[in-house]
Amino acid sequence: MSLNRVSSGIKELDKMIGGGFPEGDIILYSGPPGTGKTIACLHFIVDGLKKGENCIYISSEETRGKILEHAKLLGLDFDGAIKKRKLEIFQVEDIAFQDPLGRRSKLPREPEQRMERLTATIRRWMEKYNGKRLVVDSLMAYAINEPLNQKALLNSEMFRELDSLGMTTILVSELPAGTPAYSQDGITEIMADGIILFGHEIKGGRGYKTLEVVKMRDTKVTDEIRYFDIATGGIRFIKS
Ligand SMILES: Nc1ncnc2c1ncn2[C@@H]1O[C@H](COP(=O)(O)OP(=O)(O)OP(=O)(O)O)[C@@H](O)[C@H]1O
Ligand SMILES: [Mg+2]
């Protein structure tokens with residue numbers, strides 16, 4: 001049985017992963033700050049909207065306005081999609097202040113409850129609007145001040161919950177520069193169906209953004225590292 005592939009929205013990346021992500025998989029976009037993870041996620045959303053698939057974007061670091069601005073860089077106006085309920089952009093802080101019925105309430109003290117609110121909101125939206133694609137940018141939002149073992153536990157619970165939704169999902173993991181692992185909790189990278197590593201490299205006196213496929217379930221991947229830059233239209237690969 002051949003797998004249905006869901007495009008990453010980045011043609012060159014699709015070629016590196018047999019045409020796209022296996023449908024319904026959870027993929028980790030991992031890398032240090034400023035390496036293009038958010039822009040890569042927006043390509044995934046743009047592609048989904050073009051194909052008429054409903055998308056949900058959970059943002060922690062960036063405001064909704066900033067995300068919309070980034071989208072304009074890719075030449076897409078998300079306002080129309082939001083009005084038509086084809087796309088929803090949630091900020092983690094807003095969700096944390098909503099009770100399970102979406103009413104405004106106090107911020108729960110326990111990170112478990114904040115995580116449950118997040119997954120409940122995603123599930124509600126997905127069921128209502130038949131969501132197909134999900135981005136969580138980034139993972140640590142609801143557990144930022146928790147110790148590592150607590151983060152690992154919370155993220156593995158969230159992972160199972162998101163997996164049960166069946167949407168094709170990108171989770172973004174911020175890495176301090178030079179970290180050997182692919183996520184801060186050390187567990188998400190094991191649970192993820194695929195890992196794309198974003199980075200930065202200096203070569204011939206200038207810096208390049210880099211992209212590498214570390215793993216992809218049911219897919220033959222190569223070890224090549226690809227170089228890219230970001231301009232109008234988004235990610236642009238550089239011939240190497
Ligand atoms: N209009 C633009 N033209 C050229 N490059 C841009 C433009 N907008 C953003 N960039 C580049 O994109 C980078 C940011 O990309 P992005 O926000 O996707 O990174 P990120 O990996 O998500 O970062 P963080 O971990 O901080 O969220 C900037 O550092 C900048 O180099
Ligand atoms: Mg980002």
# chains A, B, ... in the order shown; residues from 1 in each chain; ligands from 1
call {"tool": "residues_near_ligand", "arguments": {"ligand": "ligand 2", "cutoff": "10 Å", "atoms": "only C-alpha atoms and all ligand atoms", "output": "PDB file with N, CA and C atoms, in the first residue's frame"}}
result
ATOM      1  N   GLY A  31      15.862  23.285  15.581  1.00  0.00           N
ATOM      2  CA  GLY A  31      17.013  24.122  15.238  1.00  0.00           C
ATOM      3  C   GLY A  31      17.129  25.350  16.108  1.00  0.00           C
ATOM      4  N   PRO A  32      18.300  25.986  16.071  1.00  0.00           N
ATOM      5  CA  PRO A  32      18.520  27.205  16.860  1.00  0.00           C
ATOM      6  C   PRO A  32      17.681  28.386  16.355  1.00  0.00           C
ATOM      7  N   PRO A  33      17.640  29.466  17.118  1.00  0.00           N
ATOM      8  CA  PRO A  33      16.846  30.636  16.719  1.00  0.00           C
ATOM      9  C   PRO A  33      17.281  31.223  15.376  1.00  0.00           C
ATOM     10  N   GLY A  34      16.316  31.729  14.644  1.00  0.00           N
ATOM     11  CA  GLY A  34      16.610  32.468  13.415  1.00  0.00           C
ATOM     12  C   GLY A  34      17.032  31.619  12.234  1.00  0.00           C
ATOM     13  N   THR A  35      16.752  30.316  12.287  1.00  0.00           N
ATOM     14  CA  THR A  35      17.209  29.443  11.199  1.00  0.00           C
ATOM     15  C   THR A  35      16.113  29.137  10.170  1.00  0.00           C
ATOM     16  N   GLY A  36      14.944  29.753  10.310  1.00  0.00           N
ATOM     17  CA  GLY A  36      13.915  29.616   9.279  1.00  0.00           C
ATOM     18  C   GLY A  36      12.806  28.628   9.584  1.00  0.00           C
ATOM     19  N   LYS A  37      12.705  28.165  10.836  1.00  0.00           N
ATOM     20  CA  LYS A  37      11.692  27.159  11.177  1.00  0.00           C
ATOM     21  C   LYS A  37      10.267  27.705  10.987  1.00  0.00           C
ATOM     22  N   THR A  38      10.052  28.916  11.488  1.00  0.00           N
ATOM     23  CA  THR A  38       8.700  29.486  11.398  1.00  0.00           C
ATOM     24  C   THR A  38       8.308  29.705   9.941  1.00  0.00           C
ATOM     25  N   ILE A  39       9.239  30.224   9.153  1.00  0.00           N
ATOM     26  CA  ILE A  39       8.929  30.466   7.734  1.00  0.00           C
ATOM     27  C   ILE A  39       8.629  29.139   7.043  1.00  0.00           C
ATOM     28  N   ALA A  40       9.401  28.100   7.379  1.00  0.00           N
ATOM     29  CA  ALA A  40       9.147  26.779   6.783  1.00  0.00           C
ATOM     30  C   ALA A  40       7.743  26.280   7.155  1.00  0.00           C
ATOM     31  N   CYS A  41       7.321  26.539   8.378  1.00  0.00           N
ATOM     32  CA  CYS A  41       5.967  26.136   8.804  1.00  0.00           C
ATOM     33  C   CYS A  41       4.911  26.888   7.994  1.00  0.00           C
ATOM     34  N   SER A  59       0.775  29.461  18.022  1.00  0.00           N
ATOM     35  CA  SER A  59       2.004  30.247  18.107  1.00  0.00           C
ATOM     36  C   SER A  59       2.279  30.635  19.552  1.00  0.00           C
ATOM     37  N   SER A  60       3.524  30.512  19.955  1.00  0.00           N
ATOM     38  CA  SER A  60       3.838  30.965  21.310  1.00  0.00           C
ATOM     39  C   SER A  60       4.734  32.188  21.292  1.00  0.00           C
ATOM     40  N   GLU A  61       5.820  32.123  20.535  1.00  0.00           N
ATOM     41  CA  GLU A  61       6.760  33.246  20.572  1.00  0.00           C
ATOM     42  C   GLU A  61       6.224  34.474  19.845  1.00  0.00           C
ATOM     43  N   GLU A  62       5.545  34.234  18.739  1.00  0.00           N
ATOM     44  CA  GLU A  62       5.181  35.367  17.893  1.00  0.00           C
ATOM     45  C   GLU A  62       3.695  35.678  18.014  1.00  0.00           C
ATOM     46  N   ILE A  67       2.791  36.769  12.717  1.00  0.00           N
ATOM     47  CA  ILE A  67       2.627  35.606  11.829  1.00  0.00           C
ATOM     48  C   ILE A  67       2.006  36.064  10.500  1.00  0.00           C
ATOM     49  N   ASP A 137       4.119  25.963  17.163  1.00  0.00           N
ATOM     50  CA  ASP A 137       5.374  26.717  17.092  1.00  0.00           C
ATOM     51  C   ASP A 137       5.480  27.631  18.314  1.00  0.00           C
ATOM     52  N   SER A 138       6.131  27.254  19.405  1.00  0.00           N
ATOM     53  CA  SER A 138       6.895  26.051  19.531  1.00  0.00           C
ATOM     54  C   SER A 138       6.419  25.205  20.705  1.00  0.00           C
ATOM     55  N   VAL A 172       7.516  22.527  16.363  1.00  0.00           N
ATOM     56  CA  VAL A 172       8.784  23.251  16.282  1.00  0.00           C
ATOM     57  C   VAL A 172       9.496  23.135  17.621  1.00  0.00           C
ATOM     58  N   SER A 173      10.778  22.812  17.560  1.00  0.00           N
ATOM     59  CA  SER A 173      11.567  22.726  18.773  1.00  0.00           C
ATOM     60  C   SER A 173      12.747  23.694  18.699  1.00  0.00           C
ATOM     61  N   GLU A 174      12.761  24.633  19.617  1.00  0.00           N
ATOM     62  CA  GLU A 174      13.862  25.601  19.697  1.00  0.00           C
ATOM     63  C   GLU A 174      15.061  24.928  20.314  1.00  0.00           C
TER      64      GLU A 174
END
call {"tool": "closest_atom_pairs", "arguments": {"of": "range 36-112 of chain A", "to": "range 9-28 of chain A", "cutoff": "10 Å", "atoms": "only C-alpha atoms", "output": "Markdown table"}}
result
| residue | atom | partner | partner_atom | distance |
| --- | --- | --- | --- | --- |
| A:Ala40 | CA | A:Ile10 | CA | 7.5 |
| A:Cys41 | CA | A:Gly9 | CA | 8.4 |
| A:Leu42 | CA | A:Gly9 | CA | 8.3 |
| A:His43 | CA | A:Gly9 | CA | 4.8 |
| A:Phe44 | CA | A:Gly9 | CA | 4.5 |
| A:Ile45 | CA | A:Gly9 | CA | 7.5 |
| A:Val46 | CA | A:Gly9 | CA | 6.9 |
| A:Asp47 | CA | A:Gly9 | CA | 5.0 |
| A:Gly48 | CA | A:Gly9 | CA | 7.9 |
| A:Lys50 | CA | A:Gly9 | CA | 9.9 |
call {"tool": "write_last_selection", "arguments": {"atoms": "C-alpha atoms", "output": "PDB file, in the first residue's frame"}}
result
ATOM      1  CA  ALA A  40       9.147  26.779   6.783  1.00  0.00           C
ATOM      2  CA  CYS A  41       5.967  26.136   8.804  1.00  0.00           C
ATOM      3  CA  LEU A  42       4.215  28.943   6.945  1.00  0.00           C
ATOM      4  CA  HIS A  43       5.069  27.255   3.637  1.00  0.00           C
ATOM      5  CA  PHE A  44       3.277  24.153   4.952  1.00  0.00           C
ATOM      6  CA  ILE A  45       0.198  26.230   5.803  1.00  0.00           C
ATOM      7  CA  VAL A  46       0.258  28.092   2.475  1.00  0.00           C
ATOM      8  CA  ASP A  47       0.315  24.768   0.645  1.00  0.00           C
ATOM      9  CA  GLY A  48      -2.572  23.412   2.723  1.00  0.00           C
ATOM     10  CA  LYS A  50      -4.001  26.299  -1.671  1.00  0.00           C
TER      11      LYS A  50
END
call {"tool": "residues_around", "arguments": {"residues": "range 200-210 of chain A", "least_positions_apart": "3", "cutoff": "7 Å", "atoms": "only C-alpha atoms", "output": "short mmCIF file (atom, residue, chain, number, x, y, z; two decimals) with N, CA and C atoms, in the first residue's frame"}}
result
data_model
loop_
_atom_site.label_atom_id
_atom_site.label_comp_id
_atom_site.auth_asym_id
_atom_site.auth_seq_id
_atom_site.Cartn_x
_atom_site.Cartn_y
_atom_site.Cartn_z
N THR A 35 16.75 30.32 12.29
CA THR A 35 17.21 29.44 11.20
C THR A 35 16.11 29.14 10.17
N ILE A 225 23.17 17.87 3.20
CA ILE A 225 22.79 19.12 3.87
C ILE A 225 22.56 20.14 2.77
N ARG A 226 21.38 20.78 2.80
CA ARG A 226 21.07 21.76 1.76
C ARG A 226 21.14 23.17 2.33
N TYR A 227 21.58 24.09 1.49
CA TYR A 227 21.73 25.49 1.91
C TYR A 227 20.58 26.32 1.34
N PHE A 228 20.10 27.27 2.11
CA PHE A 228 19.02 28.12 1.59
C PHE A 228 19.10 29.53 2.16
N ASP A 229 18.40 30.44 1.49
CA ASP A 229 18.21 31.75 2.11
C ASP A 229 16.73 32.10 2.09
#
call {"tool": "select_by_dssp", "arguments": {"residues": "range 23-182 of chain A", "states": "strand (DSSP E)", "output": "number ranges by chain"}}
result
A: 26-31, 54-59, 87-91, 131-137, 168-174
call {"tool": "write_last_selection", "arguments": {"atoms": "N, CA and C atoms", "output": "tab-separated table (two decimals), in the first residue's frame"}}
result
chain	number	residue	atom	x	y	z
A	26	ILE	N	3.66	13.11	12.60
A	26	ILE	CA	4.09	14.28	13.38
A	26	ILE	C	5.58	14.49	13.12
A	27	ILE	N	5.90	15.65	12.60
A	27	ILE	CA	7.26	15.96	12.19
A	27	ILE	C	7.83	17.05	13.09
A	28	LEU	N	9.06	16.85	13.50
A	28	LEU	CA	9.73	17.85	14.33
A	28	LEU	C	10.60	18.74	13.46
A	29	TYR	N	10.40	20.06	13.54
A	29	TYR	CA	11.31	21.03	12.91
A	29	TYR	C	12.17	21.57	14.04
A	30	SER	N	13.44	21.21	13.99
A	30	SER	CA	14.29	21.47	15.12
A	30	SER	C	15.45	22.38	14.71
A	31	GLY	N	15.86	23.29	15.58
A	31	GLY	CA	17.01	24.12	15.24
A	31	GLY	C	17.13	25.35	16.11
A	54	ASN	N	-8.08	22.69	5.66
A	54	ASN	CA	-8.14	23.62	6.79
A	54	ASN	C	-6.94	23.42	7.71
A	55	CYS	N	-6.42	24.55	8.20
A	55	CYS	CA	-5.16	24.52	8.94
A	55	CYS	C	-5.28	25.24	10.27
A	56	ILE	N	-4.48	24.80	11.21
A	56	ILE	CA	-4.44	25.47	12.50
A	56	ILE	C	-2.99	25.73	12.90
A	57	TYR	N	-2.74	26.94	13.38
A	57	TYR	CA	-1.39	27.36	13.73
A	57	TYR	C	-1.40	27.82	15.18
A	58	ILE	N	-0.62	27.12	16.00
A	58	ILE	CA	-0.50	27.51	17.41
A	58	ILE	C	0.83	28.23	17.56
A	59	SER	N	0.77	29.46	18.02
A	59	SER	CA	2.00	30.25	18.11
A	59	SER	C	2.28	30.63	19.55
A	87	LEU	N	-8.43	28.86	8.24
A	87	LEU	CA	-7.21	28.90	9.06
A	87	LEU	C	-7.53	29.54	10.39
A	88	GLU	N	-6.97	28.96	11.45
A	88	GLU	CA	-7.09	29.59	12.76
A	88	GLU	C	-5.68	29.74	13.33
A	89	ILE	N	-5.36	30.94	13.81
A	89	ILE	CA	-4.07	31.14	14.48
A	89	ILE	C	-4.37	31.40	15.95
A	90	PHE	N	-3.89	30.51	16.80
A	90	PHE	CA	-4.09	30.68	18.24
A	90	PHE	C	-2.78	31.09	18.89
A	91	GLN	N	-2.86	31.98	19.84
A	91	GLN	CA	-1.69	32.23	20.67
A	91	GLN	C	-1.84	31.44	21.95
A	131	GLY	N	-10.16	20.01	10.36
A	131	GLY	CA	-8.75	20.41	10.19
A	131	GLY	C	-7.88	19.27	9.69
A	132	LYS	N	-6.97	19.59	8.81
A	132	LYS	CA	-6.07	18.59	8.22
A	132	LYS	C	-4.62	18.80	8.59
A	133	ARG	N	-4.23	20.09	8.79
A	133	ARG	CA	-2.82	20.38	9.07
A	133	ARG	C	-2.70	21.20	10.34
A	134	LEU	N	-1.66	20.87	11.10
A	134	LEU	CA	-1.45	21.56	12.37
A	134	LEU	C	0.03	21.94	12.52
A	135	VAL	N	0.25	23.16	13.02
A	135	VAL	CA	1.61	23.58	13.38
A	135	VAL	C	1.59	24.01	14.85
A	136	VAL	N	2.54	23.51	15.64
A	136	VAL	CA	2.70	24.00	17.01
A	136	VAL	C	4.09	24.63	17.10
A	137	ASP	N	4.12	25.96	17.16
A	137	ASP	CA	5.37	26.72	17.09
A	137	ASP	C	5.48	27.63	18.31
A	168	THR	N	-1.81	15.91	9.91
A	168	THR	CA	-0.38	16.01	9.62
A	168	THR	C	0.13	17.23	10.37
A	169	THR	N	1.16	17.01	11.19
A	169	THR	CA	1.53	18.02	12.19
A	169	THR	C	3.02	18.35	12.15
A	170	ILE	N	3.33	19.63	12.28
A	170	ILE	CA	4.72	20.04	12.49
A	170	ILE	C	4.84	20.61	13.90
A	171	LEU	N	5.76	20.04	14.68
A	171	LEU	CA	6.09	20.60	15.99
A	171	LEU	C	7.43	21.31	15.85
A	172	VAL	N	7.52	22.53	16.36
A	172	VAL	CA	8.78	23.25	16.28
A	172	VAL	C	9.50	23.13	17.62
A	173	SER	N	10.78	22.81	17.56
A	173	SER	CA	11.57	22.73	18.77
A	173	SER	C	12.75	23.69	18.70
A	174	GLU	N	12.76	24.63	19.62
A	174	GLU	CA	13.86	25.60	19.70
A	174	GLU	C	15.06	24.93	20.31
call {"tool": "closest_residue", "arguments": {"among": "A:Ile230, A:Ala181, A:Val92, A:Leu74", "to": "ligand 1", "atoms": "only C-alpha atoms and all ligand atoms"}}
result
A:Ile230
call {"tool": "select_by_dssp", "arguments": {"residues": "range 3-235 of chain A", "states": "alpha helix (DSSP H)", "output": "VMD selection string"}}
result
chain A and resid 11 to 16 37 to 50 64 to 73 78 to 83 92 to 96 111 to 129 148 to 165 188 to 191
call {"tool": "closest_residue", "arguments": {"among": "A:Lys128, A:Arg64, A:Arg5, A:Lys84", "to": "Thr219 in chain A", "atoms": "only C-alpha atoms"}}
result
A:Arg5
call {"tool": "residues_around", "arguments": {"residues": "Asp185 in chain A", "least_positions_apart": "3", "cutoff": "12 Å", "atoms": "only C-alpha atoms", "output": "number ranges by chain"}}
result
A: 139-140, 143-144, 146-156, 173-175, 179-182, 188-191
call {"tool": "write_last_selection", "arguments": {"atoms": "N, CA and C atoms", "output": "compact mmCIF listing (two decimals), in the first residue's frame"}}
result
# COMPACT_ATOMS: atom_id res chain seq x y z
N LEU A 139 7.11 24.09 20.88
CA LEU A 139 6.69 23.05 21.81
C LEU A 139 6.62 23.46 23.28
N MET A 140 7.57 24.27 23.71
CA MET A 140 7.75 24.46 25.14
C MET A 140 6.82 25.49 25.76
N ALA A 143 5.12 25.01 29.15
CA ALA A 143 5.90 24.42 30.24
C ALA A 143 7.25 25.09 30.37
N ILE A 144 7.27 26.35 29.99
CA ILE A 144 8.55 27.03 29.84
C ILE A 144 9.40 27.04 31.12
N GLU A 146 9.22 24.81 33.60
CA GLU A 146 9.23 23.51 34.27
C GLU A 146 10.61 22.85 34.14
N PRO A 147 10.97 21.99 35.12
CA PRO A 147 12.23 21.25 34.99
C PRO A 147 12.15 20.26 33.82
N LEU A 148 13.33 19.84 33.35
CA LEU A 148 13.40 19.01 32.14
C LEU A 148 12.56 17.74 32.20
N ASN A 149 12.63 17.03 33.34
CA ASN A 149 11.88 15.76 33.39
C ASN A 149 10.38 16.00 33.30
N GLN A 150 9.94 17.13 33.83
CA GLN A 150 8.51 17.49 33.75
C GLN A 150 8.15 17.85 32.31
N LYS A 151 9.05 18.56 31.63
CA LYS A 151 8.82 18.91 30.23
C LYS A 151 8.67 17.64 29.39
N ALA A 152 9.57 16.68 29.65
CA ALA A 152 9.55 15.44 28.88
C ALA A 152 8.23 14.71 29.07
N LEU A 153 7.76 14.67 30.31
CA LEU A 153 6.51 13.99 30.62
C LEU A 153 5.32 14.67 29.94
N LEU A 154 5.29 16.00 30.08
CA LEU A 154 4.19 16.77 29.49
C LEU A 154 4.19 16.65 27.98
N ASN A 155 5.38 16.76 27.39
CA ASN A 155 5.44 16.70 25.93
C ASN A 155 5.07 15.32 25.41
N SER A 156 5.43 14.27 26.14
CA SER A 156 5.06 12.95 25.64
C SER A 156 3.55 12.76 25.74
N SER A 173 10.78 22.81 17.56
CA SER A 173 11.57 22.73 18.77
C SER A 173 12.75 23.69 18.70
N GLU A 174 12.76 24.63 19.62
CA GLU A 174 13.86 25.60 19.70
C GLU A 174 15.06 24.93 20.31
N LEU A 175 16.21 25.08 19.71
CA LEU A 175 17.41 24.50 20.30
C LEU A 175 18.42 25.59 20.58
N THR A 179 23.41 22.51 20.68
CA THR A 179 22.87 21.37 21.45
C THR A 179 22.98 20.09 20.64
N PRO A 180 23.41 19.01 21.24
CA PRO A 180 23.54 17.78 20.48
C PRO A 180 22.19 17.11 20.18
N ALA A 181 21.18 17.29 21.03
CA ALA A 181 19.90 16.61 20.83
C ALA A 181 19.02 17.42 19.86
N TYR A 182 17.87 16.87 19.52
CA TYR A 182 16.97 17.53 18.57
C TYR A 182 15.79 18.21 19.24
N THR A 188 10.76 14.06 22.60
CA THR A 188 9.95 14.33 21.41
C THR A 188 10.63 13.79 20.16
N GLU A 189 11.97 13.91 20.11
CA GLU A 189 12.68 13.46 18.92
C GLU A 189 12.56 11.96 18.72
N ILE A 190 12.34 11.24 19.81
CA ILE A 190 12.19 9.79 19.70
C ILE A 190 10.77 9.47 19.24
N MET A 191 9.81 10.22 19.74
CA MET A 191 8.41 9.96 19.39
C MET A 191 8.05 10.44 17.99
call {"tool": "closest_residue", "arguments": {"among": "A:Ile238, A:Ile122, A:Ala231, A:Val221", "to": "ligand 1", "atoms": "only C-alpha atoms and all ligand atoms"}}
result
A:Ala231
call {"tool": "residues_around", "arguments": {"residues": "range 211-215 of chain A", "least_positions_apart": "5", "cutoff": "6 Å", "atoms": "only C-alpha atoms", "output": "PyMOL selection string"}}
result
chain A and resi 194-198+225-226
call {"tool": "atom_distance", "arguments": {"atom1": "CA of Glu112 in chain A", "atom2": "CA of Gln98 in chain A"}}
result
14.3 Å
call {"tool": "closest_residue", "arguments": {"among": "A:Gly166, A:Gly52, A:Arg109, A:Ile187", "to": "Glu127 in chain A", "atoms": "only C-alpha atoms"}}
result
A:Gly166
